[in-house]
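> The structure under discussion is supplied below as structure tokens; questions concerning it will follow.
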Amino acid sequence: MTQKCVHKGCQKEFTDIEEPCYHHPGAPIFHEGQKGWQCCKPRVLTFDEFLAIPPCTQGKHSTTAPTLAPVQTSGPGAGGQKHNEVPAPSADGTEHYGTPKQVPQVTAATPTPQPKVEKPLEQDPADAAIPEDAKCKRLGCGATYSGGERKDEECTFHPGAPLFHEGSKGYTCCKRRVLEFDQFLKIEGCANNRHLFVGAPKSLEEEELVQCRNDFYQTYTDVIVSIFAKKVDKDNATIEFDERELRVDLPMPDKKRFKITYPLYGKIDPEKSEFKIMGTKVELKLKKADGTSWPTLRSDEATGEIIQIGKPATAT
């Protein structure tokens with residue numbers, strides 16, 4: 001009987017229980033823009049590189065491995081946190097931790113919708129030489145190339161970037177949010193197109209536009225945004241504040257650049273807003289023009305989520 005291993009980094013189908021299993025016994029770590037596993041030392045910046053970190057432990061396959069609570073790597077009390085087992089999620093990915101808190105509802109002014117500029121979707125060249133068993137590079141797909149015609153192929157994927165905020169995990173392109181990392185990997189794609197096995201060839205002089213994870217919280221007077229970009233060129237970076245728009249251009253080593261425009265949910269005071277470029281992130285303090293609570297950072301991504309007033313919560 002074929003079974004599927006639940007060990008992180010393995011997740012292969014097997015029939016022989018004695019077959020070697022290569023996996024990560026620790027929990028995933030996401031801290032200051034870096035990604036890795038609690039059980040080994042490699043740390044990377046992009047999500048694709050994180051998924052490619054080779055397993056560090058050899059053992060036997062399992063179908064009943066315990067679920068580990070994610071490592072808390074920031075905020076008060078992070079240093080002493082241990083990996084406690086938590087209840088497994090339900091079939092639809094919903095998890096429950098104690099009694100939910102009542103969040104006061106604040107009525108915000110309806111923002112003016114801003115047009116969203118879409119970047120053309122990268123495609124494989126028509127004459128691309130694709131190696132056998134090449135894996136699709138689109139997030140959430142995971143298909144492998146088996147040769148033959150590609151005329152009728154269909155790729156279901158996430159065109160947005162991974163989003164990790166206040167313990168919830170999801171993608172910027174769709175609304176579903178889960179708490180467990182395993183459930184995050186299973187979130188079904190929200191867009192369809194062709195697979196991307198090799199991508200367009202890049203010139204040695206061409207810059208690569210990359211995506212950087214961001215996080216945010218708010219106080220009664222400010223919205224604090226962290227963009228996790230490492231080793232930003234301070235002399236050539238530009239950040240511009242407008243009343244309803246934030247423009248960010250961050251050059252980084254190896255000809256990489258993070259460039260984005262945020263249409264803001266609420267109005268800010270550009271003259272009193274400020275930013276700070278650090279080694280592993282850029283922190284921006286957006287001064288609110290009024291005391292309105294922002295349910296989301298961007299005006300074009302109203303998810304119904306309430307941004308916390310105050311510093312991020314600490315896991316207990």
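Letters A, B, ... mark the chains of the structure tokens in the order given; residue numbers begin at 1 per chain; ligand numbers begin at 1, in order shown.
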What's around A:Val232 at 8 Å? Count only C-alpha atoms, leave out sequence neighbours fewer than 6 positions away in its own chain, and write the answer as an NGL selection string.

:A and (250-253 or 277-279)

> Within 9 Å of A:Cys10, counting only C-alpha atoms, which residues qualify if same-chain residues fewer than 4 places away don't, as an mmCIF file with N, CA and C atoms, in the first residue's frame?


data_model
loop_
_atom_site.group_PDB
_atom_site.id
_atom_site.type_symbol
_atom_site.label_atom_id
_atom_site.label_comp_id
_atom_site.auth_asym_id
_atom_site.auth_seq_id
_atom_site.Cartn_x
_atom_site.Cartn_y
_atom_site.Cartn_z
ATOM 1 N N CYS A 5 4.848 10.206 3.118
ATOM 2 C CA CYS A 5 5.610 10.649 4.296
ATOM 3 C C CYS A 5 5.245 12.094 4.623
ATOM 4 N N VAL A 6 5.081 12.399 5.926
ATOM 5 C CA VAL A 6 4.701 13.747 6.343
ATOM 6 C C VAL A 6 5.888 14.558 6.839
ATOM 7 N N CYS A 21 14.689 8.049 4.700
ATOM 8 C CA CYS A 21 13.918 9.288 4.569
ATOM 9 C C CYS A 21 14.832 10.463 4.906
ATOM 10 N N TYR A 22 14.994 11.390 3.986
ATOM 11 C CA TYR A 22 15.819 12.570 4.205
ATOM 12 C C TYR A 22 14.884 13.754 4.426
ATOM 13 N N HIS A 23 14.990 14.410 5.592
ATOM 14 C CA HIS A 23 14.008 15.427 5.953
ATOM 15 C C HIS A 23 14.582 16.444 6.932
ATOM 16 N N HIS A 24 13.759 17.446 7.284
ATOM 17 C CA HIS A 24 14.087 18.451 8.311
ATOM 18 C C HIS A 24 13.240 18.159 9.556
ATOM 19 N N PRO A 55 17.639 18.483 2.814
ATOM 20 C CA PRO A 55 17.351 17.934 4.149
ATOM 21 C C PRO A 55 18.636 17.632 4.914
ATOM 22 N N HIS A 61 10.654 6.951 6.998
ATOM 23 C CA HIS A 61 9.417 7.637 6.666
ATOM 24 C C HIS A 61 8.396 7.510 7.794
#

> Go through stretch 206-237 of chain A residue by residue and, counting only C-alpha atoms, keep those with an atom at most 10 Å from stretch 270-274 of chain A; for each kept residue give the shortest atom pair and its distance in Å to one decimal, ordered by chain and increasing number, as CSV.


residue,atom,partner,partner_atom,distance
A:Asp222,CA,A:Ser273,CA,8.7
A:Val223,CA,A:Ser273,CA,9.6
A:Ile224,CA,A:Glu274,CA,9.9

> Nearest residue to A:Val248 out of A:Ile268, A:Val282, A:Ala27, A:Cys56, using only C-alpha atoms?

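So, comparing all the options, the nearest one is A:Val282.
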
> Can you work out the spacing between atom CA of A:Lys175 and atom CA of A:Asp215 in Å, to one decimal?

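A separation of 16.1 Å between them.
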
> So what do you get for atom CA of A:Pro162 versus atom CA of A:Leu185, distance-wise?

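Answer for the atom CA of A:Pro162 to atom CA of A:Leu185 separation: 10.2 Å.
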
> Looking at only C-alpha atoms, which of A:Cys141, A:Ala229, A:Glu154, A:Lys287 is the one that sits closest to A:Lys186?

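Between A:Cys141, A:Ala229, A:Glu154, A:Lys287, the residue approaching A:Lys186 most closely is A:Cys141.
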
> Can you work out which one of A:Arg194, A:Lys276, A:Lys135, A:Arg177 has the shortest atom-to-atom distance to A:Gln123, counting only C-alpha atoms?

A:Arg194

> Env of A:Leu121: 12 Å cut, atoms = only C-alpha atoms, seq-sep filter 5 positions within chain, self excluded. Answer as a ChimeraX atom specification.

/A:138,157-160,191-196,199-200

> Between atom CA of A:Lys256 and atom CA of A:Pro125, measure the distance and give it in Å to one decimal.

22.1 Å

> For A:Ala129, find every residue with an atom within 12 Å (counting only C-alpha atoms), except residues of its own chain fewer than 6 positions away, and show them as a PyMOL selection string.

chain A and resi 145+147+197-201

> Ranking A:Thr296, A:Thr2, A:Thr221, A:Gln34 by minimum distance to A:Glu49 and counting only C-alpha atoms, which one comes first?

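The shortest atom-to-atom distance to A:Glu49 comes from A:Gln34.
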
> DSSP on the backbone, then: every residue of stretch 195-277 of chain A marked strand (DSSP E or B), written as a ChimeraX atom specification.

/A:208-209,214-218,222-227,238-242,245-252,256-264,268,274-277

> Include N, CA, C and O atoms and write out the residues we just selected as a short mmCIF file (atom, residue, chain, number, x, y, z; two decimals), in the first residue's frame.


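This went into out.cif:
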data_model
loop_
_atom_site.label_atom_id
_atom_site.label_comp_id
_atom_site.auth_asym_id
_atom_site.auth_seq_id
_atom_site.Cartn_x
_atom_site.Cartn_y
_atom_site.Cartn_z
N GLU A 208 17.84 42.04 -12.10
CA GLU A 208 16.75 41.13 -11.79
C GLU A 208 15.82 41.79 -10.78
O GLU A 208 16.25 42.16 -9.68
N LEU A 209 14.56 41.95 -11.15
CA LEU A 209 13.57 42.49 -10.22
C LEU A 209 13.11 41.36 -9.31
O LEU A 209 12.63 40.33 -9.77
N ASN A 214 7.25 41.71 3.21
CA ASN A 214 7.06 42.88 4.06
C ASN A 214 6.10 42.54 5.20
O ASN A 214 5.31 41.60 5.10
N ASP A 215 6.19 43.28 6.25
CA ASP A 215 5.33 43.11 7.42
C ASP A 215 4.97 44.50 7.92
O ASP A 215 5.66 45.49 7.60
N PHE A 216 3.92 44.62 8.71
CA PHE A 216 3.50 45.93 9.18
C PHE A 216 2.62 45.81 10.41
O PHE A 216 2.03 44.77 10.67
N TYR A 217 2.57 46.88 11.17
CA TYR A 217 1.61 47.04 12.27
C TYR A 217 1.34 48.52 12.42
O TYR A 217 2.00 49.36 11.75
N GLN A 218 0.39 48.88 13.25
CA GLN A 218 0.07 50.30 13.38
C GLN A 218 -0.13 50.69 14.83
O GLN A 218 -0.47 49.87 15.68
N ASP A 222 0.75 56.14 13.72
CA ASP A 222 1.66 55.74 12.65
C ASP A 222 1.34 54.34 12.14
O ASP A 222 0.74 53.53 12.85
N VAL A 223 1.77 54.06 10.90
CA VAL A 223 1.81 52.70 10.36
C VAL A 223 3.27 52.38 10.11
O VAL A 223 3.96 53.11 9.38
N ILE A 224 3.78 51.31 10.74
CA ILE A 224 5.19 50.94 10.63
C ILE A 224 5.31 49.76 9.68
O ILE A 224 4.72 48.70 9.91
N VAL A 225 6.07 49.93 8.61
CA VAL A 225 6.23 48.92 7.57
C VAL A 225 7.69 48.45 7.55
O VAL A 225 8.61 49.28 7.56
N SER A 226 7.90 47.14 7.52
CA SER A 226 9.24 46.57 7.38
C SER A 226 9.33 45.84 6.04
O SER A 226 8.50 44.98 5.75
N ILE A 227 10.31 46.20 5.23
CA ILE A 227 10.59 45.50 3.97
C ILE A 227 11.90 44.75 4.16
O ILE A 227 12.94 45.35 4.41
N THR A 238 15.89 54.83 -3.24
CA THR A 238 14.96 55.96 -3.18
C THR A 238 13.63 55.51 -2.60
O THR A 238 13.10 54.47 -2.96
N ILE A 239 13.11 56.31 -1.67
CA ILE A 239 11.79 56.08 -1.08
C ILE A 239 11.06 57.42 -1.07
O ILE A 239 11.57 58.40 -0.52
N GLU A 240 9.91 57.45 -1.71
CA GLU A 240 9.15 58.70 -1.86
C GLU A 240 7.77 58.55 -1.21
O GLU A 240 7.05 57.58 -1.49
N PHE A 241 7.42 59.53 -0.38
CA PHE A 241 6.12 59.54 0.30
C PHE A 241 5.20 60.55 -0.37
O PHE A 241 5.57 61.72 -0.56
N ASP A 242 4.00 60.12 -0.74
CA ASP A 242 2.93 61.02 -1.17
C ASP A 242 1.75 60.81 -0.24
O ASP A 242 1.71 59.84 0.52
N GLU A 245 0.25 57.51 -1.55
CA GLU A 245 1.08 56.58 -2.31
C GLU A 245 2.49 56.52 -1.73
O GLU A 245 3.02 57.52 -1.25
N LEU A 246 3.08 55.32 -1.77
CA LEU A 246 4.45 55.10 -1.31
C LEU A 246 5.22 54.43 -2.43
O LEU A 246 4.83 53.39 -2.94
N ARG A 247 6.34 55.04 -2.86
CA ARG A 247 7.17 54.49 -3.94
C ARG A 247 8.51 54.06 -3.38
O ARG A 247 9.20 54.86 -2.73
N VAL A 248 8.88 52.81 -3.66
CA VAL A 248 10.10 52.22 -3.10
C VAL A 248 10.97 51.65 -4.22
O VAL A 248 10.48 50.91 -5.07
N ASP A 249 12.25 51.98 -4.21
CA ASP A 249 13.21 51.46 -5.19
C ASP A 249 14.49 51.12 -4.44
O ASP A 249 15.21 52.02 -3.98
N LEU A 250 14.77 49.81 -4.26
CA LEU A 250 15.88 49.36 -3.43
C LEU A 250 16.85 48.51 -4.25
O LEU A 250 16.59 47.34 -4.53
N PRO A 251 18.00 49.07 -4.68
CA PRO A 251 19.03 48.26 -5.35
C PRO A 251 19.80 47.43 -4.33
O PRO A 251 20.08 47.89 -3.22
N MET A 252 20.14 46.18 -4.72
CA MET A 252 20.84 45.26 -3.83
C MET A 252 22.00 44.62 -4.58
O MET A 252 22.14 44.79 -5.80
N LYS A 256 20.39 42.84 -8.25
CA LYS A 256 19.01 42.61 -7.87
C LYS A 256 18.39 43.93 -7.40
O LYS A 256 19.07 44.78 -6.83
N ARG A 257 17.10 44.07 -7.65
CA ARG A 257 16.41 45.31 -7.29
C ARG A 257 14.97 45.00 -6.89
O ARG A 257 14.28 44.22 -7.54
N PHE A 258 14.53 45.63 -5.80
CA PHE A 258 13.12 45.57 -5.38
C PHE A 258 12.49 46.92 -5.66
O PHE A 258 12.93 47.95 -5.15
N LYS A 259 11.47 46.92 -6.53
CA LYS A 259 10.84 48.18 -6.93
C LYS A 259 9.33 48.00 -6.91
O LYS A 259 8.80 47.08 -7.54
N ILE A 260 8.65 48.88 -6.19
CA ILE A 260 7.20 48.71 -6.03
C ILE A 260 6.57 50.06 -5.67
O ILE A 260 7.22 50.95 -5.10
N THR A 261 5.29 50.18 -6.03
CA THR A 261 4.50 51.34 -5.62
C THR A 261 3.31 50.84 -4.81
O THR A 261 2.56 49.98 -5.28
N TYR A 262 3.16 51.35 -3.60
CA TYR A 262 2.05 50.96 -2.73
C TYR A 262 0.96 52.05 -2.79
O TYR A 262 1.21 53.19 -2.35
N PRO A 263 -0.24 51.75 -3.30
CA PRO A 263 -1.37 52.67 -3.11
C PRO A 263 -1.88 52.51 -1.68
O PRO A 263 -2.34 51.43 -1.30
N LEU A 264 -1.78 53.53 -0.88
CA LEU A 264 -2.03 53.40 0.55
C LEU A 264 -3.52 53.45 0.88
O LEU A 264 -4.30 54.16 0.23
N ILE A 268 -1.53 59.93 4.52
CA ILE A 268 -0.40 60.13 5.42
C ILE A 268 0.11 61.56 5.28
O ILE A 268 -0.25 62.27 4.34
N GLU A 274 9.02 58.93 7.62
CA GLU A 274 10.47 58.74 7.55
C GLU A 274 10.79 57.27 7.35
O GLU A 274 9.94 56.39 7.47
N PHE A 275 12.07 56.98 7.02
CA PHE A 275 12.51 55.60 6.83
C PHE A 275 13.93 55.43 7.32
O PHE A 275 14.69 56.40 7.48
N LYS A 276 14.29 54.17 7.55
CA LYS A 276 15.64 53.83 8.01
C LYS A 276 16.08 52.56 7.29
O LYS A 276 15.36 51.56 7.26
N ILE A 277 17.28 52.60 6.67
CA ILE A 277 17.82 51.43 5.96
C ILE A 277 18.82 50.73 6.87
O ILE A 277 19.81 51.33 7.30
#
